[in-house]
$ cat upload_10.cif   # mmCIF, C-alpha atoms
data_run
#
loop_
_atom_site.label_atom_id
_atom_site.label_comp_id
_atom_site.auth_asym_id
_atom_site.auth_seq_id
_atom_site.Cartn_x
_atom_site.Cartn_y
_atom_site.Cartn_z
CA HIS J 108 -26.09 53.96 -242.09
CA LEU J 109 -23.58 51.28 -243.02
CA VAL J 110 -23.58 50.01 -246.63
CA THR J 111 -21.26 47.30 -247.87
CA LEU J 112 -20.40 46.99 -251.56
CA ALA J 113 -18.56 44.50 -253.70
CA ALA J 114 -15.63 45.85 -255.70
CA PHE J 115 -16.55 47.89 -258.76
CA CYS J 116 -15.00 50.21 -261.31
CA ILE J 117 -16.40 53.62 -262.31
CA ASP J 118 -15.49 56.07 -265.06
CA LEU J 119 -13.09 58.79 -263.99
CA THR J 120 -15.10 61.41 -265.89
CA GLU J 121 -18.63 62.00 -267.07
CA VAL J 122 -19.25 60.58 -270.55
CA THR J 123 -18.28 63.23 -273.08
CA ASN J 124 -19.74 64.44 -276.35
CA ALA J 125 -16.89 62.81 -278.26
CA GLN J 126 -17.41 59.45 -276.56
CA TYR J 127 -21.14 59.55 -277.13
CA GLY J 128 -20.59 60.61 -280.72
CA THR J 129 -18.48 57.51 -281.32
CA CYS J 130 -21.37 55.39 -280.08
CA MET J 131 -23.77 57.23 -282.41
CA THR J 132 -21.45 56.65 -285.38
CA ALA J 133 -21.29 52.95 -284.51
CA GLY J 134 -25.08 52.73 -284.38
CA GLY J 135 -25.22 51.95 -280.68
CA CYS J 136 -26.70 55.29 -279.61
CA THR J 137 -29.26 57.80 -280.84
CA GLU J 138 -29.01 61.57 -280.80
CA PRO J 139 -29.95 62.95 -277.38
CA SER J 140 -33.70 63.37 -277.11
CA GLY J 141 -33.23 66.99 -276.08
CA GLY J 142 -31.21 67.69 -279.21
CA ALA J 143 -27.58 68.54 -279.88
CA ILE J 144 -27.68 71.65 -277.70
CA SER J 145 -26.57 72.40 -274.16
CA ASN J 146 -27.96 75.09 -271.87
CA ARG J 147 -26.89 77.92 -274.17
CA ARG J 148 -24.79 76.38 -276.95
CA ALA J 149 -26.56 75.50 -280.17
CA ASP J 150 -23.57 73.61 -281.62
CA TYR J 151 -22.73 71.67 -278.49
CA LEU J 152 -22.82 67.96 -279.40
CA TYR J 153 -21.14 68.07 -282.80
CA SER J 154 -18.63 70.87 -282.29
CA THR J 155 -15.07 69.62 -281.84
CA GLY J 156 -14.57 72.49 -279.42
CA PHE J 157 -16.90 70.75 -276.97
CA GLY J 158 -15.75 67.19 -277.56
CA ASP J 159 -14.43 66.76 -274.00
CA TYR J 160 -17.50 68.30 -272.35
CA PRO J 161 -20.20 66.07 -270.77
CA VAL J 162 -22.98 64.90 -273.07
CA VAL J 163 -26.39 66.12 -271.87
CA ASN J 164 -30.07 66.15 -272.81
CA LEU J 165 -30.38 62.36 -272.80
CA THR J 166 -33.08 60.17 -271.34
CA TRP J 167 -32.17 57.49 -268.82
CA ASP J 168 -32.59 54.81 -271.52
CA GLN J 169 -30.13 56.61 -273.78
CA ALA J 170 -27.56 56.80 -270.99
CA GLN J 171 -28.01 53.12 -270.21
CA ALA J 172 -27.75 52.25 -273.92
CA TYR J 173 -24.38 53.99 -274.16
CA CYS J 174 -23.04 52.14 -271.12
CA ALA J 175 -24.23 48.81 -272.56
CA TRP J 176 -22.60 49.61 -275.91
CA ALA J 177 -19.36 50.35 -274.06
CA GLY J 178 -19.57 47.03 -272.19
CA LYS J 179 -20.53 48.72 -268.95
CA ARG J 180 -23.65 49.79 -267.05
CA LEU J 181 -24.90 52.73 -265.04
CA PRO J 182 -23.60 52.71 -261.46
CA THR J 183 -25.99 51.90 -258.66
CA GLU J 184 -26.81 54.79 -256.38
CA ALA J 185 -24.71 53.23 -253.62
CA GLU J 186 -21.72 52.74 -255.95
CA TRP J 187 -21.93 56.35 -257.06
CA GLU J 188 -21.99 57.59 -253.46
CA LYS J 189 -19.12 55.32 -252.50
CA ALA J 190 -17.03 56.74 -255.34
CA CYS J 191 -17.89 60.26 -254.16
CA ARG J 192 -17.46 59.87 -250.40
CA GLY J 193 -14.56 57.46 -250.10
CA GLY J 194 -14.72 54.66 -247.58
CA CYS J 195 -14.23 53.66 -243.98
CA GLU J 196 -12.01 50.75 -244.93
CA THR J 197 -9.14 53.23 -245.07
CA THR J 198 -9.23 53.20 -241.27
CA GLY J 199 -10.04 49.52 -240.95
CA ASP J 200 -13.00 50.17 -238.66
CA PRO J 201 -16.36 51.42 -239.99
CA LEU J 202 -17.29 52.66 -236.52
CA THR J 203 -14.42 55.16 -236.40
CA CYS J 204 -15.24 57.08 -239.57
CA ASP J 205 -14.33 60.73 -239.75
CA ALA J 206 -14.39 63.40 -242.43
CA GLU J 207 -11.39 61.93 -244.20
CA ASP J 208 -13.13 58.58 -244.61
CA GLU J 209 -16.71 59.62 -245.48
CA ARG J 210 -16.45 63.01 -247.09
CA THR J 211 -19.30 65.50 -247.39
CA TYR J 212 -17.95 66.54 -250.79
CA PRO J 213 -15.58 64.56 -253.03
CA TRP J 214 -12.59 66.64 -251.97
CA GLY J 215 -13.44 66.77 -248.24
CA GLU J 216 -15.29 69.21 -246.00
CA ASP J 217 -14.47 72.58 -247.54
CA ALA J 218 -17.49 74.40 -248.94
CA PRO J 219 -17.71 74.24 -252.73
CA GLY J 220 -16.01 77.04 -254.61
CA CYS J 221 -15.36 77.64 -258.29
CA ASP J 222 -11.88 76.13 -257.96
CA LEU J 223 -13.48 72.86 -256.82
CA ALA J 224 -16.71 72.51 -258.83
CA ASN J 225 -18.83 74.07 -261.55
CA LEU J 226 -21.85 75.34 -259.60
CA ASN J 227 -24.27 78.25 -259.62
CA ALA J 228 -21.88 80.50 -257.69
CA CYS J 229 -19.79 80.50 -260.87
CA LEU J 230 -22.65 81.69 -263.10
CA VAL J 231 -22.01 84.48 -265.52
CA TRP J 232 -25.15 86.61 -265.48
CA GLU J 233 -25.02 88.26 -268.89
CA GLY J 234 -28.55 87.59 -270.03
CA ALA J 235 -28.02 83.84 -270.00
CA ASP J 236 -27.20 81.15 -267.47
CA ASN J 237 -23.87 79.43 -267.27
CA ASP J 238 -23.24 76.02 -268.80
CA THR J 239 -21.24 72.83 -268.61
CA ASP J 240 -17.47 72.84 -268.42
CA ARG J 241 -14.79 70.58 -269.85
CA VAL J 242 -14.54 67.38 -267.79
CA GLY J 243 -11.77 67.58 -265.22
CA ALA J 244 -11.40 71.35 -265.62
CA ARG J 245 -11.25 71.73 -261.83
CA PRO J 246 -8.68 69.14 -260.66
CA SER J 247 -8.74 70.49 -257.09
CA GLY J 248 -12.20 68.89 -256.79
CA VAL J 249 -11.01 65.34 -257.49
CA GLN J 250 -12.03 62.52 -255.14
CA PRO J 251 -8.60 61.33 -253.93
CA ALA J 252 -9.55 57.71 -253.25
CA SER J 253 -11.32 57.08 -256.56
CA CYS J 254 -9.42 59.70 -258.62
CA ALA J 255 -12.76 60.61 -260.24
CA VAL J 256 -13.49 64.19 -261.24
CA ASP J 257 -16.70 66.23 -261.41
CA LEU J 258 -18.60 64.06 -258.95
CA ALA J 259 -19.83 67.41 -257.62
CA GLY J 260 -21.19 69.98 -260.03
CA ASN J 261 -20.93 70.30 -263.81
CA VAL J 262 -23.87 67.94 -264.50
CA ARG J 263 -26.06 65.76 -262.33
CA GLU J 264 -25.60 62.09 -263.16
CA PHE J 265 -28.08 59.30 -263.77
CA THR J 266 -27.72 56.18 -261.65
CA ALA J 267 -29.25 52.75 -262.20
CA ASP J 268 -31.69 52.90 -259.28
CA TRP J 269 -35.36 53.78 -259.13
CA TYR J 270 -35.95 56.61 -256.68
CA ASP J 271 -37.47 55.85 -253.30
CA ALA J 272 -37.53 58.62 -250.70
CA ALA J 273 -37.10 56.00 -247.97
CA GLY J 274 -34.61 53.90 -249.93
CA TYR J 275 -31.88 53.92 -247.31
CA ALA J 276 -34.20 53.19 -244.41
CA SER J 277 -35.75 50.24 -246.24
CA CYS J 278 -32.42 48.57 -246.98
CA PRO J 279 -32.19 45.55 -244.66
CA ASP J 280 -29.40 45.24 -242.13
CA PRO J 281 -26.80 44.30 -243.18
CA CYS J 282 -27.26 46.53 -246.24
CA THR J 283 -25.13 44.83 -248.89
CA ASN J 284 -24.96 45.77 -252.59
CA PRO J 285 -28.28 47.63 -252.59
CA THR J 286 -29.92 48.22 -255.96
CA GLY J 287 -32.98 50.21 -254.93
CA PRO J 288 -36.64 49.27 -255.45
CA ALA J 289 -37.66 46.91 -258.23
CA ALA J 290 -39.83 49.54 -259.94
CA GLY J 291 -40.75 53.19 -259.69
CA ALA J 292 -41.65 56.36 -261.51
CA GLN J 293 -38.35 58.25 -261.23
CA ARG J 294 -34.66 57.44 -261.35
CA VAL J 295 -32.01 58.74 -258.96
CA THR J 296 -29.58 61.42 -260.09
CA ARG J 297 -26.57 62.46 -258.07
CA GLY J 298 -23.89 65.11 -257.84
CA GLY J 299 -25.54 68.44 -258.58
CA SER J 300 -25.03 70.56 -261.69
CA PHE J 301 -23.68 73.88 -262.87
CA PHE J 302 -27.04 75.42 -261.94
CA ASP J 303 -27.20 74.08 -258.36
CA ALA J 304 -26.25 75.73 -255.09
CA ALA J 305 -23.45 74.39 -252.92
CA GLY J 306 -25.69 72.25 -250.69
CA ALA J 307 -26.93 70.26 -253.67
CA LEU J 308 -23.37 69.13 -254.41
CA ARG J 309 -23.07 67.00 -251.26
CA CYS J 310 -22.23 63.35 -251.97
CA ALA J 311 -25.31 62.25 -250.03
CA ARG J 312 -27.75 64.48 -251.93
CA ARG J 313 -30.37 62.54 -253.95
CA GLU J 314 -32.49 64.01 -256.75
CA PRO J 315 -35.32 62.18 -258.54
CA ALA J 316 -35.67 62.52 -262.31
CA ASP J 317 -38.25 61.33 -264.83
CA PRO J 318 -36.35 58.68 -266.84
CA ALA J 319 -38.13 59.72 -270.05
CA ALA J 320 -37.27 63.39 -269.57
CA PHE J 321 -34.03 65.12 -270.49
CA SER J 322 -32.15 68.14 -269.23
CA ALA J 323 -29.12 70.23 -270.11
CA GLN J 324 -28.13 69.80 -266.46
CA VAL J 325 -28.02 65.97 -266.49
CA GLY J 326 -25.38 63.60 -267.85
CA PHE J 327 -23.90 60.32 -266.63
CA ARG J 328 -20.88 58.09 -266.16
CA CYS J 329 -20.65 54.30 -266.39
CA ALA J 330 -19.47 51.52 -264.10
CA LEU J 331 -18.76 47.79 -264.25
CA ALA J 332 -17.63 44.87 -262.14
CA PRO J 333 -13.83 44.50 -262.15
#
$ encode --input "upload_10.cif" --output "structure tokens"
Amino acid sequence: HLVTLAAFCIDLTEVTNAQYGTCMTAGGCTEPSGGAISNRRADYLYSTGFGDYPVVNLTWDQAQAYCAWAGKRLPTEAEWEKACRGGCETTGDPLTCDAEDERTYPWGEDAPGCDLANLNACLVWEGADNDTDRVGARPSGVQPASCAVDLAGNVREFTADWYDAAGYASCPDPCTNPTGPAAGAQRVTRGGSFFDAAGALRCARREPADPAAFSAQVGFRCALAP
């Protein structure tokens, strides 16, 4: 399925506790609806030791509010996937794509391992589940074209789009700058989290989420037009 996008910029990392805290101090953001905790850390949001870890437990509106405060917006689902997969324009011909142009995972075709992403295979089963990691802690998992980190694993990420199971099929041909349906009940999240298995980390994997709900497994990054 061929999708064409206008140029855009996207954050290199997921939005961190420190960044979100700055927005809260400025009055542009509210404390995450799920509280200042992560999966198993009670002092997560306000501890300086976790300042460069992804902020979690927010609703979709809270994520969007941060991006607006920062002069940005949430990425569309298509923009997020483009940043994760790379692009056929590196070959000059969309019909000759191969694994190096449209990657299954941000780094390529190798199956996810703990050197590449924070996923459930890295869990420490000591009476509690694992948790988020510092952004960019696994540089081997970077997407080489976009230079973005943690597009697979760590936390799933909100996108701007409403979820539609048939969203790709319903995009008209040519499919240009898609933004998803005009309304819906769930938003699209992408990228998989520290609790997900390897298959859920594929760039093409889509997960619906209640926009009013929150989770220790969900964060976000922002985008904007250049």
$ closest_residue --input "upload_10.cif" --among "J:Trp269, J:Asp303, J:Asn284, J:Ala185" --to "Ala316 in chain J" --atoms "all atoms listed in the file"
J:Trp269
$ resolve_selection --input "upload_10.cif" --expression "the PyMOL selection byres ((chain J and resi 282) around 9)" --output "list of chain:residue names"
J:His108, J:Leu109, J:Val110, J:Thr111, J:Leu112, J:Tyr275, J:Cys278, J:Pro279, J:Asp280, J:Pro281, J:Thr283, J:Asn284, J:Pro285
$ residues_around --input "upload_10.cif" --residues "Ala320 in chain J" --least-positions-apart "2" --cutoff "6 Å" --atoms "all atoms listed in the file" --output "list in words"
Thr166, Asp317 and Pro318 of chain J
$ axis_aligned_box --input "upload_10.cif" --around "range 259-277 of chain J" --padding-each-side "4 Å" --output "AutoDock Vina command-line options"
--center_x -28.7 --center_y 60.3 --center_z -254.5 --size_x 25.7 --size_y 28.1 --size_z 28.1
$ resolve_selection --input "upload_10.cif" --expression "the PyMOL selection byres ((chain J and resi 253-261) around 8)" --output "PDB file with C-alpha atoms, keeping the file's coordinate frame"
ATOM      1  CA  ASP J 118     -15.490  56.070-265.060  1.00  0.00           C
ATOM      2  CA  LEU J 119     -13.090  58.790-263.990  1.00  0.00           C
ATOM      3  CA  THR J 120     -15.100  61.410-265.890  1.00  0.00           C
ATOM      4  CA  GLU J 121     -18.630  62.000-267.070  1.00  0.00           C
ATOM      5  CA  ALA J 190     -17.030  56.740-255.340  1.00  0.00           C
ATOM      6  CA  CYS J 191     -17.890  60.260-254.160  1.00  0.00           C
ATOM      7  CA  GLY J 193     -14.560  57.460-250.100  1.00  0.00           C
ATOM      8  CA  TYR J 212     -17.950  66.540-250.790  1.00  0.00           C
ATOM      9  CA  PRO J 213     -15.580  64.560-253.030  1.00  0.00           C
ATOM     10  CA  ALA J 224     -16.710  72.510-258.830  1.00  0.00           C
ATOM     11  CA  ASN J 225     -18.830  74.070-261.550  1.00  0.00           C
ATOM     12  CA  LEU J 226     -21.850  75.340-259.600  1.00  0.00           C
ATOM     13  CA  ASP J 238     -23.240  76.020-268.800  1.00  0.00           C
ATOM     14  CA  THR J 239     -21.240  72.830-268.610  1.00  0.00           C
ATOM     15  CA  ASP J 240     -17.470  72.840-268.420  1.00  0.00           C
ATOM     16  CA  VAL J 242     -14.540  67.380-267.790  1.00  0.00           C
ATOM     17  CA  GLY J 243     -11.770  67.580-265.220  1.00  0.00           C
ATOM     18  CA  ARG J 245     -11.250  71.730-261.830  1.00  0.00           C
ATOM     19  CA  PRO J 246      -8.680  69.140-260.660  1.00  0.00           C
ATOM     20  CA  GLY J 248     -12.200  68.890-256.790  1.00  0.00           C
ATOM     21  CA  VAL J 249     -11.010  65.340-257.490  1.00  0.00           C
ATOM     22  CA  GLN J 250     -12.030  62.520-255.140  1.00  0.00           C
ATOM     23  CA  PRO J 251      -8.600  61.330-253.930  1.00  0.00           C
ATOM     24  CA  ALA J 252      -9.550  57.710-253.250  1.00  0.00           C
ATOM     25  CA  VAL J 262     -23.870  67.940-264.500  1.00  0.00           C
ATOM     26  CA  ARG J 263     -26.060  65.760-262.330  1.00  0.00           C
ATOM     27  CA  GLY J 298     -23.890  65.110-257.840  1.00  0.00           C
ATOM     28  CA  GLY J 299     -25.540  68.440-258.580  1.00  0.00           C
ATOM     29  CA  SER J 300     -25.030  70.560-261.690  1.00  0.00           C
ATOM     30  CA  PHE J 301     -23.680  73.880-262.870  1.00  0.00           C
ATOM     31  CA  ASP J 303     -27.200  74.080-258.360  1.00  0.00           C
ATOM     32  CA  LEU J 308     -23.370  69.130-254.410  1.00  0.00           C
ATOM     33  CA  ARG J 309     -23.070  67.000-251.260  1.00  0.00           C
ATOM     34  CA  CYS J 310     -22.230  63.350-251.970  1.00  0.00           C
ATOM     35  CA  GLN J 324     -28.130  69.800-266.460  1.00  0.00           C
TER      36      GLN J 324
END
$ atom_distance --input "upload_10.cif" --atom1 "CA of Arg294 in chain J" --atom2 "CA of Ile117 in chain J"
18.7 Å
$ resolve_selection --input "upload_10.cif" --expression "the PyMOL selection byres ((chain J and resi 182) around 8)" --output "PyMOL selection string"
chain J and resi 117+180-181+183-187+266-267+328-331
